[in-house]
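Enquirer: protein05.txt (compact mmCIF, C-alpha atoms) pasted underneath:
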# COMPACT_ATOMS: atom_id res chain seq x y z
CA MET R 1 90.90 79.60 125.30
CA ASN R 2 93.06 78.59 122.42
CA PRO R 3 91.84 80.40 119.28
CA ASP R 4 92.31 77.23 117.24
CA GLU R 5 89.63 75.54 119.35
CA ARG R 6 87.09 78.26 118.59
CA ASN R 7 87.55 78.94 114.90
CA PRO R 8 89.50 76.06 113.41
CA THR R 9 88.35 76.59 109.82
CA LEU R 10 88.66 80.34 109.89
CA LEU R 11 92.14 80.21 111.33
CA ALA R 12 93.43 77.44 109.08
CA LYS R 13 92.09 79.18 106.00
CA ALA R 14 93.45 82.56 107.07
CA LYS R 15 96.86 81.05 107.66
CA ALA R 16 96.81 79.32 104.28
CA VAL R 17 95.86 82.54 102.49
CA LEU R 18 98.56 84.53 104.26
CA ASP R 19 101.16 81.86 103.53
CA ARG R 20 100.26 81.86 99.88
CA GLN R 21 100.56 85.63 99.70
CA VAL R 22 104.12 85.25 100.92
CA GLN R 23 104.87 82.55 98.35
CA ASP R 24 103.39 84.66 95.55
CA LEU R 25 105.32 87.78 96.46
CA ASP R 26 106.22 89.91 93.47
CA PRO R 27 109.81 89.06 92.41
CA ARG R 28 110.57 92.77 92.15
CA MET R 29 109.54 93.25 95.78
CA ALA R 30 111.44 90.12 96.81
CA ALA R 31 114.55 91.63 95.23
CA ARG R 32 114.02 94.90 97.09
CA LEU R 33 113.69 92.99 100.35
CA GLN R 34 116.89 91.13 99.60
CA ALA R 35 118.67 94.42 98.90
CA ALA R 36 117.35 95.85 102.18
CA ARG R 37 118.71 92.81 104.01
CA ARG R 38 122.14 93.15 102.40
CA GLN R 39 122.21 96.83 103.33
CA ALA R 40 121.32 96.04 106.95
CA LEU R 41 124.02 93.38 107.16
CA GLU R 42 126.63 95.68 105.66
CA ALA R 43 125.81 98.41 108.15
CA GLY R 44 127.44 96.38 110.90
CA PRO R 45 126.96 96.82 114.62
CA GLN R 46 126.53 100.32 115.95
CA PRO R 47 129.71 101.62 117.63
CA GLY R 48 129.47 101.61 121.42
CA TRP R 49 130.02 105.35 121.64
CA MET R 50 127.05 106.25 119.41
CA PRO R 51 124.39 106.18 122.13
CA TRP R 52 126.72 108.21 124.37
CA LEU R 53 127.19 110.75 121.60
CA ALA R 54 123.45 111.17 121.23
CA THR R 55 122.95 111.42 125.00
CA SER R 56 125.76 113.92 125.51
CA GLY R 57 124.49 116.02 122.59
CA PHE R 58 121.06 116.13 124.14
CA ALA R 59 122.49 117.04 127.56
CA THR R 60 124.60 119.82 126.02
CA ALA R 61 121.57 121.25 124.28
CA ILE R 62 119.59 121.27 127.56
CA VAL R 63 122.44 123.01 129.43
CA LEU R 64 122.81 125.61 126.65
CA ILE R 65 119.09 126.38 126.62
CA THR R 66 119.04 126.70 130.42
CA VAL R 67 122.06 129.04 130.47
CA LEU R 68 120.68 131.22 127.67
CA TRP R 69 117.34 131.46 129.41
CA TRP R 70 119.03 132.30 132.70
CA LYS R 71 121.19 135.01 131.11
CA GLN R 72 118.24 136.74 129.49
CA PRO R 73 117.87 140.33 130.79
CA GLN R 74 115.43 140.20 133.66
CA PRO R 75 112.99 143.06 134.16
CA GLN R 76 114.66 145.60 136.48
CA PRO R 77 112.91 147.79 139.02
CA PRO R 78 112.58 151.35 137.61
CA LEU R 79 115.59 153.56 138.36
CA PRO R 80 114.87 156.38 140.81
CA ALA R 81 114.30 159.64 139.02
CA MET R 82 117.39 161.87 138.72
CA GLU R 83 115.64 164.57 140.74
CA GLU R 84 115.15 162.18 143.65
CA PHE R 85 118.81 161.16 143.48
CA GLU R 86 119.99 164.80 143.52
CA LEU R 87 117.71 165.48 146.41
CA LEU R 88 119.22 162.71 148.48
CA ALA R 89 122.81 163.71 147.58
CA SER R 90 122.33 167.41 148.13
CA ALA R 91 123.54 169.24 151.23
CA GLU R 92 120.64 171.68 151.03
CA GLY R 93 118.00 171.49 153.67
CA LEU R 94 114.74 169.74 152.90
CA GLU R 95 112.88 173.01 153.37
CA PHE R 96 114.70 174.35 150.26
CA TYR R 97 113.19 171.60 148.16
CA ASP R 98 109.79 172.15 149.74
CA ASP R 99 109.94 175.72 148.44
CA LEU R 100 111.54 174.80 145.09
CA GLU R 101 108.41 175.47 143.11
CA LEU R 102 108.23 178.93 144.57
CA TYR R 103 111.84 179.68 143.67
CA VAL R 104 111.33 178.46 140.12
CA TRP R 105 108.26 180.66 139.81
CA LEU R 106 110.17 183.65 141.20
CA ALA R 107 113.05 183.08 138.80
CA ASP R 108 110.66 182.85 135.85
CA ALA R 109 108.84 185.98 136.97
CA GLY R 110 112.14 187.91 137.36
CA GLY R 111 113.31 186.85 133.90
CA ALA R 112 110.03 187.92 132.40
CA GLU R 113 110.40 191.40 133.83
CA MET U 1 132.46 94.39 118.42
CA ALA U 2 132.79 93.13 114.82
CA ARG U 3 130.73 90.17 113.72
CA THR U 4 132.31 86.94 112.65
CA ARG U 5 131.66 85.55 109.19
CA ASP U 6 129.56 82.76 110.71
CA GLN U 7 127.47 85.28 112.64
CA THR U 8 126.85 87.31 109.50
CA GLN U 9 125.82 84.22 107.59
CA ALA U 10 123.50 83.16 110.41
CA LEU U 11 121.93 86.62 110.46
CA ASP U 12 121.52 86.53 106.69
CA ARG U 13 119.75 83.16 106.89
CA PHE U 14 117.52 84.34 109.71
CA LEU U 15 116.51 87.57 107.97
CA ALA U 16 115.95 85.80 104.66
CA ALA U 17 113.59 83.41 106.43
CA VAL U 18 111.49 86.12 108.08
CA GLU U 19 111.62 89.06 105.68
CA ARG U 20 108.67 88.14 103.44
CA ARG U 21 106.28 87.44 106.27
CA ALA U 22 107.43 90.59 108.04
CA PHE U 23 106.82 92.55 104.86
CA ARG U 24 103.29 91.17 104.42
CA MET U 25 102.56 91.94 108.07
CA ALA U 26 103.76 95.52 107.66
CA CYS U 27 101.74 95.78 104.42
CA VAL U 28 98.54 94.86 106.23
CA ALA U 29 99.17 97.59 108.81
CA THR U 30 100.42 100.34 106.50
CA ARG U 31 98.58 99.54 103.24
CA SER U 32 101.69 100.73 101.45
CA GLU U 33 104.44 98.54 100.02
CA ASP U 34 107.02 101.31 100.25
CA ASP U 35 106.23 102.11 103.88
CA ALA U 36 106.18 98.40 104.71
CA LEU U 37 109.58 97.90 103.08
CA ASP U 38 111.01 100.84 105.05
CA LEU U 39 109.71 99.41 108.32
CA VAL U 40 111.13 95.97 107.61
CA GLN U 41 114.49 97.43 106.65
CA GLU U 42 114.60 99.54 109.82
CA ALA U 43 113.75 96.48 111.91
CA MET U 44 116.50 94.46 110.19
CA LEU U 45 119.00 97.24 110.76
CA LYS U 46 118.15 97.56 114.41
CA LEU U 47 118.42 93.82 114.97
CA VAL U 48 121.80 93.70 113.22
CA GLN U 49 123.17 96.76 115.00
CA HIS U 50 121.98 96.02 118.51
CA TYR U 51 121.24 92.34 118.91
CA SER U 52 123.47 90.41 116.52
CA ASP U 53 125.56 89.13 119.44
CA ARG U 54 122.51 87.61 121.14
CA ASP U 55 121.76 83.92 120.92
CA GLU U 56 120.16 82.94 117.61
CA THR U 57 117.07 81.60 119.38
CA GLU U 58 116.35 85.12 120.63
CA TRP U 59 116.43 86.76 117.20
CA GLY U 60 112.87 85.77 116.25
CA PRO U 61 111.10 87.32 119.26
CA LEU U 62 113.48 90.31 119.20
CA PHE U 63 112.85 90.96 115.52
CA GLN U 64 109.09 90.76 116.00
CA ARG U 65 109.31 93.08 119.00
CA ILE U 66 111.25 95.64 116.96
CA LEU U 67 108.97 95.31 113.93
CA GLN U 68 105.75 95.62 115.92
CA SER U 69 107.16 98.64 117.72
CA LYS U 70 108.09 100.26 114.38
CA ILE U 71 104.60 99.54 113.03
CA ARG U 72 103.07 101.09 116.14
CA ASP U 73 105.24 104.22 115.78
CA TRP U 74 104.33 104.47 112.09
CA TYR U 75 100.66 104.13 112.98
CA ARG U 76 100.86 106.91 115.57
CA ARG U 77 102.71 109.26 113.23
CA THR U 78 100.25 108.57 110.42
CA THR U 79 97.26 109.06 112.70
CA VAL U 80 98.55 112.46 113.77
CA ARG U 81 99.39 113.42 110.18
CA ASN U 82 95.96 112.37 108.95
CA ARG U 83 94.29 114.31 111.72
CA TRP U 84 96.12 117.43 110.60
CA ARG U 85 95.29 116.74 106.95
CA THR U 86 91.64 116.32 107.77
CA TRP U 87 91.69 119.48 109.82
CA LEU U 88 93.39 121.43 107.04
CA ARG U 89 91.14 119.77 104.43
CA TRP U 90 93.86 119.01 101.99
CA GLY U 91 94.24 115.28 102.36
CA SER U 92 91.08 114.20 100.58
CA GLU U 93 92.76 113.71 97.21
CA GLU U 94 95.45 111.49 98.71
CA THR U 95 93.22 109.02 100.52
CA GLN U 96 92.71 106.76 97.53
CA GLU U 97 94.11 103.44 98.54
CA THR U 98 95.63 100.95 96.21
CA ASP U 99 95.52 97.30 96.92
CA PRO U 100 99.07 95.91 96.89
CA LEU U 101 97.68 92.57 95.75
CA GLU U 102 96.66 94.16 92.48
CA ALA U 103 100.29 95.06 91.82
CA VAL U 104 101.43 91.49 92.24
CA PRO U 105 102.06 90.04 88.80
CA ASP U 106 101.29 86.45 87.98
CA VAL U 107 104.64 84.72 87.91
CA SER U 108 103.32 81.20 88.02
CA MET U 109 100.34 80.04 86.00
CA PRO U 110 98.03 78.15 88.35
CA ALA U 111 94.57 77.22 87.18
CA VAL U 112 92.50 80.33 86.61
CA ASP U 113 89.70 79.26 88.95
CA ASP U 114 92.13 78.58 91.74
CA GLN U 115 93.84 81.89 91.17
CA VAL U 116 90.56 83.80 91.19
CA ALA U 117 89.35 82.00 94.29
CA HIS U 118 92.60 82.69 96.07
CA ARG U 119 92.52 86.36 95.14
CA ARG U 120 88.96 86.68 96.31
CA ALA U 121 89.76 84.98 99.59
CA ALA U 122 92.93 86.98 100.07
CA ARG U 123 91.16 90.23 99.30
CA ALA U 124 88.35 89.46 101.74
CA LEU U 125 90.76 88.47 104.48
CA GLU U 126 93.09 91.38 103.93
CA ASP U 127 90.22 93.89 103.91
CA ALA U 128 88.82 92.42 107.10
CA VAL U 129 92.19 92.33 108.88
CA ARG U 130 93.07 95.83 107.74
CA ALA U 131 89.81 97.14 109.14
CA LEU U 132 90.74 95.86 112.59
CA PRO U 133 92.29 98.24 115.12
CA LEU U 134 96.09 97.96 115.04
CA ARG U 135 96.45 96.04 118.30
CA GLN U 136 93.87 93.48 117.17
CA GLN U 137 95.69 93.13 113.83
CA GLN U 138 98.96 92.50 115.64
CA ALA U 139 97.45 89.99 118.05
CA PHE U 140 95.77 88.12 115.20
CA LEU U 141 98.81 87.97 112.93
CA LEU U 142 101.26 87.03 115.67
CA ARG U 143 99.04 84.40 117.30
CA VAL U 144 97.48 82.89 114.19
CA TRP U 145 100.07 83.39 111.48
CA GLU U 146 103.34 83.40 113.40
CA GLU U 147 101.87 80.86 115.83
CA TYR U 148 103.36 82.64 118.81
CA ASP U 149 101.98 81.69 122.19
CA VAL U 150 100.30 84.30 124.38
CA ALA U 151 103.48 85.15 126.30
CA GLN U 152 105.58 85.56 123.13
CA THR U 153 102.86 87.69 121.54
CA ALA U 154 102.65 89.86 124.65
CA ARG U 155 106.43 90.40 124.56
CA ALA U 156 106.36 91.28 120.86
CA MET U 157 103.47 93.69 121.33
CA GLY U 158 104.82 95.16 124.56
CA CYS U 159 101.62 94.51 126.51
CA SER U 160 100.20 92.05 129.04
CA ALA U 161 99.04 88.51 128.26
CA GLY U 162 95.53 89.53 129.27
CA SER U 163 95.54 92.31 126.67
CA VAL U 164 96.66 89.86 123.98
CA LYS U 165 93.73 87.55 124.80
CA THR U 166 91.28 90.44 124.71
CA HIS U 167 92.61 91.81 121.41
CA LEU U 168 92.61 88.38 119.79
CA SER U 169 89.14 87.52 121.00
CA ARG U 170 87.74 90.77 119.60
CA ALA U 171 89.65 90.31 116.34
CA LEU U 172 88.29 86.80 115.83
CA GLN U 173 84.76 87.87 116.61
CA THR U 174 84.95 90.69 114.06
CA LEU U 175 86.57 88.49 111.42
CA ARG U 176 83.99 85.77 111.89
CA GLU U 177 81.23 88.32 111.43
CA LYS U 178 82.83 89.93 108.39
CA LEU U 179 84.05 86.87 106.58
CA GLY U 180 80.79 85.05 107.10
CA ASP U 181 79.92 81.47 106.34
CA HIS U 182 82.61 80.91 103.71
CA TRP U 183 85.31 81.18 106.31
CA SER U 184 83.94 79.42 109.37
Now, as a test, write the supplied structure out as structure tokens.
Expert:
Amino acid sequence: MNPDERNPTLLAKAKAVLDRQVQDLDPRMAARLQAARRQALEAGPQPGWMPWLATSGFATAIVLITVLWWKQPQPQPPLPAMEEFELLASAEGLEFYDDLELYVWLADAGGAE
Amino acid sequence: MARTRDQTQALDRFLAAVERRAFRMACVATRSEDDALDLVQEAMLKLVQHYSDRDETEWGPLFQRILQSKIRDWYRRTTVRNRWRTWLRWGSEETQETDPLEAVPDVSMPAVDDQVAHRRAARALEDAVRALPLRQQQAFLLRVWEEYDVAQTARAMGCSAGSVKTHLSRALQTLREKLGDHWS
């Protein structure tokens, strides 16, 4: 339904009041509006490359963030203990290492005497 | 592409014709002359920078579309800001609103009674329209004041024709209730 058919007086009066507010606009504000218009007209059309600049800047930022995140040091599995490495590299028999505690104890005991 | 002198003059005429109404519309939504002026200037700038090469008949709907979109963005930003202020409890001192109409000096000297009656009517209308939700405000001002049809209003508001009808119907119902017998 057309609003004019429902509230003719309300709408006509509202329109009249709003129109009069425009007519009675403060001259100081009218001057500021005029200045804003002049400024907008002087700005001229936006160069065609401006949107591309903004888009490429955004894309660069995304790539940079992704690369930096990717290059962050990832948690590494714990390195094998040096003792375990020596054990694997050694030519000694495994029985020697089984008895290692005994040899250490014997060496300590000999030194103490 | 640079504008021709004729194009610039046509744009100047167009903007001069719509700027005051656009300003009043933004004032109703923002309740701030400075914010309203900023929004109108941004809308002018966007029209000039992006759509000055369009046919002159398209400028009106385009300008309204830009302006309404700017008002909506302003409203969202302000809503979020106010929510934070309320939450932080340091916005209470700043919520005092000033009525822009009170700042309007009397440049002409119409009969005092007429002036008082107009002010009273304007104040009542502005208070009632300001109290409406933003979408209802926009639908009311575009349909009733700008006299846009439903399709033009829907394009300017970025919504469906059905939504425009719903918003306008609710706005009119509220205004009729608030403004009472003097207005209907």
Enquirer: What is the CA of Val129 (chain U) to CA of Val18 (chain U) distance in Å?
Expert: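 Going from CA of Val129 (chain U) over to CA of Val18 (chain U), I get 20.3 Å.
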Enquirer: Near Gln34 (chain R), counting all atoms listed in the file, which residues have an atom at most 12 Å away, once you skip same-chain residues fewer than 6 positions from it, shown as a list in words?
Expert: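 So the residues in contact are Pro27, Arg28, Ala40 and Leu41 of chain R; Asp12, Arg13, Leu15, Ala16, Ala17, Val18, Glu19, Arg20, Phe23, Leu37, Val40, Gln41 and Met44 of chain U.
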Enquirer: Would you mind telling me which residue in U:Ala128, U:Val48, U:Leu67, U:Ala117 lies nearest to chain R when using all atoms listed in the file?
Expert: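 Among the listed residues, the smallest separation from chain R belongs to U:Val48.
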Enquirer: Could you check which residues have any atom within 10 Å of (98.6, 79.7, 98.0), counting all atoms listed in the file with coordinates taken straight from the file, and then list them as number ranges by chain?
Expert: R: 15-24; U: 110, 114-115, 118-119, 122
Enquirer: Within 8 Å of Trp59 (chain U), counting all atoms listed in the file, which residues show up once you throw out same-chain ones fewer than 5 positions away? Write them as a list in words, please.
Expert: Phe14, Leu47, Tyr51, Ser52 and Arg54 of chain U
Enquirer: Take the residues just selected and output them with C-alpha atoms as a PDB file, in the coordinates of the input.
Expert:
ATOM      1  CA  PHE U  14     117.520  84.340 109.710  1.00  0.00           C
ATOM      2  CA  LEU U  47     118.420  93.820 114.970  1.00  0.00           C
ATOM      3  CA  TYR U  51     121.240  92.340 118.910  1.00  0.00           C
ATOM      4  CA  SER U  52     123.470  90.410 116.520  1.00  0.00           C
ATOM      5  CA  ARG U  54     122.510  87.610 121.140  1.00  0.00           C
TER       6      ARG U  54
END
Enquirer: With only C-alpha atoms as the counted atoms, please give the residues lying no more than 9 Å from Ile71 (chain U), apart from itself and same-chain residues fewer than 2 positions off, as a ChimeraX atom specification.
Expert: /U:26,29-30,36,39,66-69,73-76,134
Enquirer: Measuring atom to atom with all atoms listed in the file, identify which of U:Leu88, U:Leu132, U:Leu179, U:Ala151 is nearest to chain R.
Expert: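 Nearest to chain R: U:Leu179.
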Enquirer: Which one is closest to chain R: U:Gln137, U:Ser169, U:Thr174, U:Ser163? Count only C-alpha atoms.
Expert: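 Of U:Gln137, U:Ser169, U:Thr174, U:Ser163, the one nearest chain R, counting only C-alpha atoms, is U:Ser169.
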Enquirer: Which is closer to Thr8 (chain U) than all the others in U:Gly180, U:Thr166, U:Glu56, U:Arg120, using all atoms listed in the file?
Expert: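 Once distances to Thr8 (chain U) are computed over all atoms listed in the file, the minimum belongs to U:Glu56.
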Enquirer: From the list U:Ala121, U:Leu62, U:Ala131, U:Leu142, which residue is nearest chain R when using all atoms listed in the file?
Expert: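 For chain R, the nearest of the given residues is U:Ala121.
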